[in-house]
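Student: What follows is a structure written as structure tokens; I'll ask about it next.
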Amino acid sequence: MARPRNASSPRSACKGCCRMNIPDTGVGAPHASSRATRPLLLRTWLGAIGRGARSGFHVAPENRRAPPRAPEEKTPESRANKPARSAAAEPGAVLPGHSPHALGELVFQDLRRFRVPPDFRGRGIAVVALWRIVQGSLFAWSPPPLHGWRRLLLRLFGARIGEGVRIMPTARVAYPWKLSIGDHTWIGGGAELYSLAPIVIGAHAVISQRSYLCAAGHAVDHLDFRYAAAPVVIGDQVWVAMDAMVAPGVTIGPGAVLGARSSAFHDIPPGVIAVGCPARPGRRRPAQPPLPGGQDAQRDAHKHGACPSYSAGAAATASAWIRHGHAGPRQPG
């Protein structure tokens, strides 16, 4: 006769254990609390955990690792049907439309062949090293108001410096013996005068902070990456504004303005305002007629705060200076 299921039945009292098919003990109290059934319950749980470990727990589909694929036998047919890889993905591959020799086999420059031409610096290596030490110490450490002290140092190393020139201590000059600056010219802080070839700056000119007058580059048409030097001429009353660059061989005419962060790769006509990269001449710069009485009257007016228009030619000064042998040797080739 079947025993009725009541509230005190083990299967009605225990939900989780009875789902595991634990045998009924026949005791009226719930078997989960019986001391006799505790070892059986523990063994059942441990068995369930072991089966789950052997069969593998549930893993999300995106985290499941694909089973290892059996290695395919390579046949000529499989190699022929294999899709070609993208040329851009392979290292060293040649892009479409390029020559097979464009990336890896041609040589554009070989820096092992680079040589400094003889007498290119214009002074011996000892003088060059001494100037580097003086520029980094006595010149750079001097207080900003001591313009006369910095003019003296440049003159001692062969620079041609006019009267009343103001040079900030953070300005840098590559070779001072290739530098010529006219009267009452200002050289701002951080300006770089890369005078591997002559740099001629006229009178009453302003070279603002962090400007770069570059008198030499490199010949990209030669494998040895040799120097390509050419003089830079800045005319009278020129303003090279902040962060501007003047390329080798460029002449900026008297009274012109090269705008901030502009780059002059070609000559700038006199009396214009040029901006951009490359710099293009724009509107004319306004000027005043010279005062009567010549340069003496103009000099006196300048002392009293007037702004006359000077017309001395820096290009003629540069030509004479280069003609007398101050330009340095010409580049071979």
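Quick note on naming: the chains in the structure tokens go A, B, ... in the order shown, residues restart at 1 in each chain, and ligands are numbered from 1 in order of appearance.
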What's around region 172-177 of chain A at 10 Å? Count only C-alpha atoms, leave out sequence neighbours fewer than 3 positions away in its own chain, and write the answer as an mmCIF file with N, CA, C and O atoms, in the first residue's frame.
Tutor:
```
data_model
loop_
_atom_site.group_PDB
_atom_site.id
_atom_site.type_symbol
_atom_site.label_atom_id
_atom_site.label_comp_id
_atom_site.auth_asym_id
_atom_site.auth_seq_id
_atom_site.Cartn_x
_atom_site.Cartn_y
_atom_site.Cartn_z
ATOM 1 N N ARG A 121 84.241 75.567 -42.259
ATOM 2 C CA ARG A 121 83.877 76.350 -41.084
ATOM 3 C C ARG A 121 84.497 77.739 -41.099
ATOM 4 O O ARG A 121 83.991 78.645 -40.449
ATOM 5 N N GLY A 122 85.600 77.910 -41.815
ATOM 6 C CA GLY A 122 86.260 79.213 -41.847
ATOM 7 C C GLY A 122 87.271 79.423 -40.741
ATOM 8 O O GLY A 122 88.049 80.379 -40.785
ATOM 9 N N ARG A 123 87.291 78.589 -39.741
ATOM 10 C CA ARG A 123 88.257 78.612 -38.642
ATOM 11 C C ARG A 123 88.595 77.176 -38.273
ATOM 12 O O ARG A 123 87.915 76.226 -38.674
ATOM 13 N N VAL A 127 89.101 76.770 -32.581
ATOM 14 C CA VAL A 127 88.389 78.042 -32.458
ATOM 15 C C VAL A 127 86.883 77.796 -32.399
ATOM 16 O O VAL A 127 86.162 78.454 -31.631
ATOM 17 N N VAL A 128 86.409 76.855 -33.209
ATOM 18 C CA VAL A 128 84.979 76.535 -33.181
ATOM 19 C C VAL A 128 84.579 76.005 -31.801
ATOM 20 O O VAL A 128 83.547 76.423 -31.238
ATOM 21 N N TRP A 131 84.496 78.858 -29.274
ATOM 22 C CA TRP A 131 83.296 79.687 -29.390
ATOM 23 C C TRP A 131 82.078 78.992 -28.800
ATOM 24 O O TRP A 131 81.229 79.632 -28.178
ATOM 25 N N ARG A 132 81.968 77.683 -28.969
ATOM 26 C CA ARG A 132 80.856 76.953 -28.376
ATOM 27 C C ARG A 132 80.871 77.109 -26.849
ATOM 28 O O ARG A 132 79.816 77.279 -26.221
ATOM 29 N N GLN A 135 79.961 80.833 -26.005
ATOM 30 C CA GLN A 135 78.551 81.108 -26.238
ATOM 31 C C GLN A 135 77.667 80.468 -25.174
ATOM 32 O O GLN A 135 76.652 81.054 -24.759
ATOM 33 N N GLY A 136 78.028 79.278 -24.710
ATOM 34 C CA GLY A 136 77.217 78.609 -23.698
ATOM 35 C C GLY A 136 77.445 79.101 -22.292
ATOM 36 O O GLY A 136 76.695 78.716 -21.389
ATOM 37 N N PHE A 139 78.499 84.235 -22.876
ATOM 38 C CA PHE A 139 77.476 84.907 -23.678
ATOM 39 C C PHE A 139 76.079 84.628 -23.122
ATOM 40 O O PHE A 139 75.293 85.541 -22.883
ATOM 41 N N ALA A 140 75.756 83.368 -22.902
ATOM 42 C CA ALA A 140 74.393 82.990 -22.498
ATOM 43 C C ALA A 140 74.085 83.370 -21.053
ATOM 44 O O ALA A 140 72.917 83.597 -20.713
ATOM 45 N N LEU A 153 82.078 90.146 -27.310
ATOM 46 C CA LEU A 153 82.403 88.733 -27.520
ATOM 47 C C LEU A 153 82.301 88.347 -28.989
ATOM 48 O O LEU A 153 83.163 87.626 -29.524
ATOM 49 N N LEU A 154 81.268 88.831 -29.660
ATOM 50 C CA LEU A 154 81.129 88.517 -31.083
ATOM 51 C C LEU A 154 82.245 89.143 -31.907
ATOM 52 O O LEU A 154 82.758 88.519 -32.847
ATOM 53 N N ARG A 155 82.622 90.344 -31.580
ATOM 54 C CA ARG A 155 83.712 90.978 -32.322
ATOM 55 C C ARG A 155 85.042 90.272 -32.108
ATOM 56 O O ARG A 155 85.863 90.189 -33.026
ATOM 57 N N LEU A 156 85.255 89.763 -30.883
ATOM 58 C CA LEU A 156 86.494 89.036 -30.626
ATOM 59 C C LEU A 156 86.608 87.782 -31.493
ATOM 60 O O LEU A 156 87.721 87.338 -31.799
ATOM 61 N N PHE A 157 85.483 87.235 -31.907
ATOM 62 C CA PHE A 157 85.497 86.042 -32.753
ATOM 63 C C PHE A 157 85.259 86.382 -34.223
ATOM 64 O O PHE A 157 84.911 85.501 -34.999
ATOM 65 N N GLY A 158 85.448 87.635 -34.595
ATOM 66 C CA GLY A 158 85.450 87.999 -36.002
ATOM 67 C C GLY A 158 84.155 88.518 -36.572
ATOM 68 O O GLY A 158 84.089 88.763 -37.789
ATOM 69 N N ALA A 159 83.107 88.704 -35.783
ATOM 70 C CA ALA A 159 81.842 89.220 -36.305
ATOM 71 C C ALA A 159 81.941 90.717 -36.539
ATOM 72 O O ALA A 159 82.675 91.437 -35.835
ATOM 73 N N ARG A 160 81.187 91.198 -37.531
ATOM 74 C CA ARG A 160 81.098 92.625 -37.811
ATOM 75 C C ARG A 160 79.807 93.148 -37.205
ATOM 76 O O ARG A 160 78.715 92.911 -37.739
ATOM 77 N N ILE A 161 79.920 93.851 -36.097
ATOM 78 C CA ILE A 161 78.769 94.311 -35.330
ATOM 79 C C ILE A 161 78.788 95.836 -35.306
ATOM 80 O O ILE A 161 79.799 96.458 -34.940
ATOM 81 N N ILE A 167 71.546 92.375 -28.744
ATOM 82 C CA ILE A 167 71.463 90.923 -28.934
ATOM 83 C C ILE A 167 71.129 90.299 -27.591
ATOM 84 O O ILE A 167 71.859 90.497 -26.609
ATOM 85 N N MET A 168 70.054 89.555 -27.531
ATOM 86 C CA MET A 168 69.651 88.906 -26.290
ATOM 87 C C MET A 168 70.564 87.714 -25.991
ATOM 88 O O MET A 168 71.108 87.080 -26.908
ATOM 89 N N PRO A 169 70.746 87.383 -24.712
ATOM 90 C CA PRO A 169 71.690 86.305 -24.361
ATOM 91 C C PRO A 169 71.277 84.933 -24.855
ATOM 92 O O PRO A 169 72.131 84.048 -24.996
ATOM 93 N N SER A 180 77.484 89.549 -40.105
ATOM 94 C CA SER A 180 77.596 91.000 -40.201
ATOM 95 C C SER A 180 76.249 91.622 -39.849
ATOM 96 O O SER A 180 75.226 91.261 -40.439
ATOM 97 N N ILE A 187 68.302 91.717 -32.113
ATOM 98 C CA ILE A 187 68.238 90.255 -32.266
ATOM 99 C C ILE A 187 67.530 89.714 -31.028
ATOM 100 O O ILE A 187 68.049 89.824 -29.906
ATOM 101 N N GLY A 189 65.363 87.127 -28.313
ATOM 102 C CA GLY A 189 65.706 85.919 -27.574
ATOM 103 C C GLY A 189 65.317 84.656 -28.323
ATOM 104 O O GLY A 189 64.253 84.568 -28.914
ATOM 105 N N GLY A 190 66.203 83.672 -28.279
ATOM 106 C CA GLY A 190 65.943 82.405 -28.951
ATOM 107 C C GLY A 190 66.138 82.446 -30.453
ATOM 108 O O GLY A 190 65.889 81.432 -31.117
ATOM 109 N N ALA A 191 66.568 83.577 -31.013
ATOM 110 C CA ALA A 191 66.813 83.636 -32.456
ATOM 111 C C ALA A 191 68.033 82.790 -32.809
ATOM 112 O O ALA A 191 69.020 82.762 -32.075
ATOM 113 N N GLU A 192 67.959 82.125 -33.937
ATOM 114 C CA GLU A 192 69.029 81.237 -34.395
ATOM 115 C C GLU A 192 69.607 81.797 -35.678
ATOM 116 O O GLU A 192 68.917 81.872 -36.701
ATOM 117 N N LEU A 193 70.889 82.180 -35.637
ATOM 118 C CA LEU A 193 71.614 82.662 -36.809
ATOM 119 C C LEU A 193 72.547 81.531 -37.241
ATOM 120 O O LEU A 193 73.685 81.432 -36.775
ATOM 121 N N TYR A 194 72.051 80.694 -38.131
ATOM 122 C CA TYR A 194 72.774 79.496 -38.557
ATOM 123 C C TYR A 194 73.715 79.888 -39.694
ATOM 124 O O TYR A 194 73.466 79.621 -40.869
ATOM 125 N N SER A 195 74.829 80.485 -39.303
ATOM 126 C CA SER A 195 75.728 81.127 -40.261
ATOM 127 C C SER A 195 76.792 80.174 -40.778
ATOM 128 O O SER A 195 77.989 80.459 -40.704
ATOM 129 N N LEU A 196 76.372 79.045 -41.346
ATOM 130 C CA LEU A 196 77.336 78.196 -42.036
ATOM 131 C C LEU A 196 77.786 78.845 -43.335
ATOM 132 O O LEU A 196 78.856 78.528 -43.850
ATOM 133 N N ALA A 197 76.985 79.717 -43.886
ATOM 134 C CA ALA A 197 77.357 80.643 -44.949
ATOM 135 C C ALA A 197 77.133 82.044 -44.386
ATOM 136 O O ALA A 197 76.515 82.212 -43.330
ATOM 137 N N PRO A 198 77.618 83.093 -45.064
ATOM 138 C CA PRO A 198 77.481 84.442 -44.507
ATOM 139 C C PRO A 198 76.022 84.846 -44.294
ATOM 140 O O PRO A 198 75.150 84.560 -45.110
ATOM 141 N N ILE A 199 75.776 85.528 -43.184
ATOM 142 C CA ILE A 199 74.496 86.152 -42.878
ATOM 143 C C ILE A 199 74.756 87.640 -42.702
ATOM 144 O O ILE A 199 75.560 88.049 -41.851
ATOM 145 N N ARG A 210 62.896 83.658 -31.486
ATOM 146 C CA ARG A 210 62.774 82.311 -32.055
ATOM 147 C C ARG A 210 62.741 82.308 -33.593
ATOM 148 O O ARG A 210 62.302 81.338 -34.199
ATOM 149 N N TYR A 212 64.556 82.067 -37.307
ATOM 150 C CA TYR A 212 65.616 81.171 -37.756
ATOM 151 C C TYR A 212 66.122 81.660 -39.111
ATOM 152 O O TYR A 212 65.401 81.579 -40.110
ATOM 153 N N LEU A 213 67.345 82.156 -39.110
ATOM 154 C CA LEU A 213 68.006 82.535 -40.356
ATOM 155 C C LEU A 213 68.944 81.392 -40.724
ATOM 156 O O LEU A 213 69.998 81.210 -40.103
ATOM 157 N N HIS A 326 84.981 86.751 -47.658
ATOM 158 C CA HIS A 326 84.412 86.374 -46.369
ATOM 159 C C HIS A 326 83.308 85.338 -46.494
ATOM 160 O O HIS A 326 82.692 84.984 -45.495
ATOM 161 N N ALA A 327 83.022 84.901 -47.690
ATOM 162 C CA ALA A 327 81.884 83.983 -47.875
ATOM 163 C C ALA A 327 82.228 82.548 -47.577
ATOM 164 O O ALA A 327 81.353 81.715 -47.441
#
```
Student: So how many Å separate CA of Phe120 (chain A) and CA of Ser137 (chain A), to one decimal?
Tutor: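 We find that CA of Phe120 (chain A) and CA of Ser137 (chain A) lie 25.1 Å from each other.
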Student: Neighbouring residues of region 238-246 of chain A were defined as those with any atom within 7 Å, considering only C-alpha atoms; residues of the same chain fewer than 3 positions away were excluded. Please report them as a ChimeraX atom specification.
Tutor: /A:205-214,234-235,250,254-265
Student: Deliver the residues from the most recent selection as a file, using N, CA and C atoms, as an mmCIF file, in the first residue's frame.
Tutor:
```cif
data_model
loop_
_atom_site.group_PDB
_atom_site.id
_atom_site.type_symbol
_atom_site.label_atom_id
_atom_site.label_comp_id
_atom_site.auth_asym_id
_atom_site.auth_seq_id
_atom_site.Cartn_x
_atom_site.Cartn_y
_atom_site.Cartn_z
ATOM 1 N N ALA A 205 67.251 96.818 -38.350
ATOM 2 C CA ALA A 205 66.440 95.626 -38.606
ATOM 3 C C ALA A 205 66.076 94.969 -37.280
ATOM 4 N N VAL A 206 65.015 94.186 -37.299
ATOM 5 C CA VAL A 206 64.556 93.472 -36.109
ATOM 6 C C VAL A 206 64.405 91.998 -36.465
ATOM 7 N N ILE A 207 65.134 91.163 -35.756
ATOM 8 C CA ILE A 207 64.988 89.711 -35.866
ATOM 9 C C ILE A 207 64.343 89.249 -34.567
ATOM 10 N N SER A 208 63.065 88.957 -34.624
ATOM 11 C CA SER A 208 62.300 88.704 -33.399
ATOM 12 C C SER A 208 62.641 87.348 -32.798
ATOM 13 N N GLN A 209 62.063 87.086 -31.635
ATOM 14 C CA GLN A 209 62.377 85.895 -30.860
ATOM 15 C C GLN A 209 62.015 84.622 -31.625
ATOM 16 N N ARG A 210 62.896 83.658 -31.486
ATOM 17 C CA ARG A 210 62.774 82.311 -32.055
ATOM 18 C C ARG A 210 62.741 82.308 -33.593
ATOM 19 N N SER A 211 63.193 83.375 -34.208
ATOM 20 C CA SER A 211 63.329 83.359 -35.667
ATOM 21 C C SER A 211 64.551 82.541 -36.060
ATOM 22 N N TYR A 212 64.556 82.067 -37.307
ATOM 23 C CA TYR A 212 65.616 81.171 -37.756
ATOM 24 C C TYR A 212 66.122 81.660 -39.111
ATOM 25 N N LEU A 213 67.345 82.156 -39.110
ATOM 26 C CA LEU A 213 68.006 82.535 -40.356
ATOM 27 C C LEU A 213 68.944 81.392 -40.724
ATOM 28 N N CYS A 214 68.556 80.614 -41.715
ATOM 29 C CA CYS A 214 69.266 79.379 -42.064
ATOM 30 C C CYS A 214 70.068 79.616 -43.338
ATOM 31 N N ILE A 234 69.502 90.187 -45.096
ATOM 32 C CA ILE A 234 68.357 90.886 -44.518
ATOM 33 C C ILE A 234 68.617 92.386 -44.686
ATOM 34 N N GLY A 235 67.773 93.067 -45.433
ATOM 35 C CA GLY A 235 67.988 94.478 -45.719
ATOM 36 C C GLY A 235 67.752 95.377 -44.524
ATOM 37 N N VAL A 250 68.201 83.393 -49.609
ATOM 38 C CA VAL A 250 67.079 84.323 -49.703
ATOM 39 C C VAL A 250 67.529 85.724 -49.303
ATOM 40 N N PRO A 254 64.943 95.849 -48.384
ATOM 41 C CA PRO A 254 64.829 96.849 -47.315
ATOM 42 C C PRO A 254 63.379 97.226 -47.027
ATOM 43 N N GLY A 255 63.061 97.352 -45.762
ATOM 44 C CA GLY A 255 61.745 97.779 -45.348
ATOM 45 C C GLY A 255 60.665 96.722 -45.381
ATOM 46 N N ALA A 256 60.983 95.498 -45.767
ATOM 47 C CA ALA A 256 59.967 94.446 -45.859
ATOM 48 C C ALA A 256 59.686 93.854 -44.481
ATOM 49 N N VAL A 257 58.554 93.180 -44.394
ATOM 50 C CA VAL A 257 58.140 92.504 -43.159
ATOM 51 C C VAL A 257 57.837 91.053 -43.498
ATOM 52 N N LEU A 258 58.437 90.146 -42.751
ATOM 53 C CA LEU A 258 58.119 88.726 -42.859
ATOM 54 C C LEU A 258 57.284 88.362 -41.642
ATOM 55 N N GLY A 259 56.017 88.016 -41.877
ATOM 56 C CA GLY A 259 55.063 87.822 -40.788
ATOM 57 C C GLY A 259 55.440 86.695 -39.848
ATOM 58 N N ALA A 260 54.778 86.688 -38.702
ATOM 59 C CA ALA A 260 55.037 85.685 -37.677
ATOM 60 C C ALA A 260 54.764 84.286 -38.216
ATOM 61 N N ARG A 261 55.689 83.378 -37.950
ATOM 62 C CA ARG A 261 55.617 81.968 -38.339
ATOM 63 C C ARG A 261 55.507 81.782 -39.851
ATOM 64 N N SER A 262 56.013 82.731 -40.591
ATOM 65 C CA SER A 262 56.078 82.594 -42.043
ATOM 66 C C SER A 262 57.432 82.024 -42.432
ATOM 67 N N SER A 263 57.513 81.510 -43.642
ATOM 68 C CA SER A 263 58.748 80.904 -44.154
ATOM 69 C C SER A 263 59.051 81.496 -45.520
ATOM 70 N N ALA A 264 60.227 82.100 -45.642
ATOM 71 C CA ALA A 264 60.643 82.726 -46.893
ATOM 72 C C ALA A 264 61.596 81.789 -47.620
ATOM 73 N N PHE A 265 61.118 81.207 -48.718
ATOM 74 C CA PHE A 265 61.951 80.342 -49.552
ATOM 75 C C PHE A 265 62.384 81.051 -50.834
#
```
Student: Give me every alpha helix (DSSP H) residue in region 143-281 of chain A, going by DSSP on the backbone, as a list of chain:residue names.
Tutor: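 Of region 143-281 of chain A, only A:His147, A:Gly148, A:Trp149, A:Arg150, A:Arg151, A:Leu152, A:Leu153, A:Leu154, A:Arg155, A:Leu156 fall in alpha helix (DSSP H).
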Student: CA of Pro231 (chain A) to CA of Ala171 (chain A): how many Å, to one decimal?
Tutor: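 The value is 19.1 Å.
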Student: In Å to one decimal, how far is CA of Pro281 (chain A) from CA of Thr185 (chain A)?
Tutor: 23.1 Å
Student: Using only C-alpha atoms, determine which residues lie at most 10 Å from His266 (chain A), disregarding the query and same-chain residues fewer than 2 positions distant; provide the list as a VMD selection string.
Tutor: chain A and resid 246 to 252 263 to 264 268 to 269 278 to 280
Student: Only N, CA and C atoms, please: the residues just picked out, written as an mmCIF file, in the first residue's frame.
Tutor:
```cif
data_model
loop_
_atom_site.group_PDB
_atom_site.id
_atom_site.type_symbol
_atom_site.label_atom_id
_atom_site.label_comp_id
_atom_site.auth_asym_id
_atom_site.auth_seq_id
_atom_site.Cartn_x
_atom_site.Cartn_y
_atom_site.Cartn_z
ATOM 1 N N VAL A 246 63.933 81.999 -42.606
ATOM 2 C CA VAL A 246 64.477 82.471 -43.876
ATOM 3 C C VAL A 246 65.409 81.382 -44.399
ATOM 4 N N ALA A 247 65.144 80.900 -45.588
ATOM 5 C CA ALA A 247 65.879 79.770 -46.167
ATOM 6 C C ALA A 247 67.210 80.237 -46.758
ATOM 7 N N PRO A 248 68.114 79.300 -47.035
ATOM 8 C CA PRO A 248 69.404 79.673 -47.623
ATOM 9 C C PRO A 248 69.237 80.361 -48.976
ATOM 10 N N GLY A 249 70.075 81.379 -49.208
ATOM 11 C CA GLY A 249 70.083 82.080 -50.480
ATOM 12 C C GLY A 249 68.990 83.111 -50.652
ATOM 13 N N VAL A 250 68.201 83.393 -49.609
ATOM 14 C CA VAL A 250 67.079 84.323 -49.703
ATOM 15 C C VAL A 250 67.529 85.724 -49.303
ATOM 16 N N THR A 251 67.061 86.719 -50.046
ATOM 17 C CA THR A 251 67.294 88.128 -49.741
ATOM 18 C C THR A 251 65.951 88.789 -49.450
ATOM 19 N N ILE A 252 65.864 89.445 -48.318
ATOM 20 C CA ILE A 252 64.667 90.205 -47.958
ATOM 21 C C ILE A 252 64.982 91.678 -48.162
ATOM 22 N N SER A 263 57.513 81.510 -43.642
ATOM 23 C CA SER A 263 58.748 80.904 -44.154
ATOM 24 C C SER A 263 59.051 81.496 -45.520
ATOM 25 N N ALA A 264 60.227 82.100 -45.642
ATOM 26 C CA ALA A 264 60.643 82.726 -46.893
ATOM 27 C C ALA A 264 61.596 81.789 -47.620
ATOM 28 N N ILE A 268 62.096 88.360 -51.029
ATOM 29 C CA ILE A 268 60.965 89.213 -50.692
ATOM 30 C C ILE A 268 61.265 90.618 -51.208
ATOM 31 N N PRO A 269 60.388 91.212 -52.007
ATOM 32 C CA PRO A 269 60.643 92.565 -52.532
ATOM 33 C C PRO A 269 60.711 93.593 -51.411
ATOM 34 N N PRO A 278 54.665 78.902 -48.262
ATOM 35 C CA PRO A 278 55.715 79.917 -48.383
ATOM 36 C C PRO A 278 55.151 81.323 -48.335
ATOM 37 N N ALA A 279 55.993 82.266 -47.928
ATOM 38 C CA ALA A 279 55.550 83.647 -47.768
ATOM 39 C C ALA A 279 55.281 84.274 -49.132
ATOM 40 N N ARG A 280 54.159 84.964 -49.229
ATOM 41 C CA ARG A 280 53.786 85.672 -50.456
ATOM 42 C C ARG A 280 53.641 87.160 -50.144
#
```
